[in-house]
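Down below is the structure, laid out as structure tokens.
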Amino acid sequence: MSKGLRLTEKWMQRALWLVAFVFAGFLIGLGSLIVQNVRDVEEPLTLEQFMDSAQLASVQAEREAAHKAQEQAQSRLEQATQKHTVASANTASARETFANWLATRQVTARPEQDPELIKRTEALDALASAERKALAAVEAEQQTLLDATQAGERAGNRWRALEEPAETALFEAQTARDLRVFGYRLALTLPLLLVAGWLFKHKRKTPDWPFAWGFILFALFTFFFELVPYLPSYGGYVRYIVGIILTVVAGRYAIRWLQGYLARQKLAEALPDAERRQGMLYDVAQTRLAKSLCPGCERAVDLKDGKNDFCPHCGIGLFNRCTACTTRKNAFARFCFACGAAANTTLAD
């Protein structure tokens with residue numbers, strides 16, 4: 001902020017910049033909602049849209065049936081496996097008991113125990129038969145699960161056969177959709193940039209400059225954050241090309257402005273001292289002097305040296321004598337700091 005501004009004026013300038021940023025913030029919020037909603041103009045694409053509809057329903061039904069059959073077979077297999085485990089444990093326990101009893105009988109060799117031997121042998125055979133039936137049930141459920149798994153694999157192969165060409169078609173359609181959505185965003189953003197350029201050229205120094213700068217900030221934010229990230233890539237070519245174009249445009253503008261500025265400075269430095277002062281702003285002159293810069297050519301000047309009354313680079317007067325009290329004073333001041341007499345200055349506000 002310029003040191004030559006009045007205190008109230010400084011704070012009002014800051015307040016007006018705050019107005020500009022707040023105005024830009026509300027515009028950015030509204031613009032972001034509009035730009036984000038542009039993508040909903042067209043319905044989102046799905047892979048199923050590009051599959052053969054005649055085969056899609058049957059393949060989906062086949063996959064669902066195979067998945068259901070796998071779940072059911074897996075559940076039955078777990079039950080059958082548990083039953084076989086129980087049957088195996090019962091048979092093993094019975095065999096151990098029978099072996100112990102048989103060993104006892106051999107020691108005693110009592111004939112009256114022969115019916116008991118037959119009974120125990122029959123019971124053991126029954127348990128072994130139950131175990132074999134449980135094992136057969138496990139094997140049957142394993143076969144059922146294998147059949148369901150193979151059916152699911154066949155359905156998966158058919159699905160992938162439908163999916164591969166559909167993925168290519170979906171990618172192409174998605175690319176075309178993204179280009180159209182980008183076109184919608186571009187159609188919204190370009191007019192904002194054009195309006196911002198017009199405001200920058202014609203309105204940035206008017207009394208309504210906070211709103212002009214607020215809109216300019218909004219347009220720049222919309223361009224760099226709501227449009228540039230959605231630029232089609234094509235391997236990065238588009239983004240690099242757009243970056244090169246923007247850099248060239250901005251660079252040429254900066255070069256022309258600098259050349260024009262230097263040309264104007266040379267013309268101004270060739271004018272008489274009084275005429276040069278007429279085109280200077282009071283606050284700008286005071287700010288440059290506070291930074292030990294010449295208000296006319298902006299080159300560094302040693303203002304602490306009491307003998308430097310004129311700029312050694314462009315010749316403009318920096319210090320003069322008060323016509324009332326002859327005190328050496330700032331040649332760009334409107335009043336003498338020693339006696340308060342009005343100075344003969346033509347600086348603009």
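Residues are referred to by chain and number: the chain letter is A, B, ... according to the order shown in the structure tokens, the number counts from 1 in that chain, and ligands are numbered separately from 1 in the order shown.
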
field: Nearby residues (only C-alpha atoms) at most 10 Å from Ala155 in chain A, same-chain spacing under 6 positions excluded, as a ChimeraX atom specification
entry: /A:58-67,149,161

field: Residue neighbourhood Ala134 in chain A, 8 Å, only C-alpha atoms, exclusion window fewer than 5 positions, as a list in words
entry: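 Close residues of Ala134 in chain A: Ala80, Thr81, Lys83, His84 and Ala87 of chain A.
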
message: Residues of range 183-300 of chain A classed as helix (DSSP H, G or I) by DSSP on the backbone are to be reported as JSON, numbers by chain.
response: {"A": [183, 184, 185, 186, 187, 188, 189, 190, 191, 192, 193, 194, 195, 196, 197, 198, 199, 200, 201, 202, 209, 210, 211, 212, 213, 214, 215, 216, 217, 218, 219, 220, 221, 222, 223, 224, 225, 226, 227, 228, 229, 230, 237, 238, 239, 240, 241, 242, 243, 244, 245, 246, 247, 248, 249, 250, 251, 252, 253, 254, 255, 256, 257, 258, 259, 260, 261, 262, 263, 264, 265, 266, 267, 268, 269, 273, 274, 275, 276, 277, 278, 282, 283, 284, 285, 286, 287, 288, 289, 290]}

message: When you look at Glu164 in chain A with a cut-off of 12 Å (counting only C-alpha atoms), what residues show up, excluding the ones that are within fewer than 5 positions of it in the same chain? I need them as a list in words.
response: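 With the cut-off at 12 Å, the set is Leu47, Glu48, Phe50, Met51, Asp52, Asn157, Arg158, Trp159, Ala169, Leu170 and Phe171 of chain A.
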
task: Can you work out the spacing between CA of Leu124 in chain A and CA of Glu139 in chain A in Å, to one decimal?
output: 22.6 Å
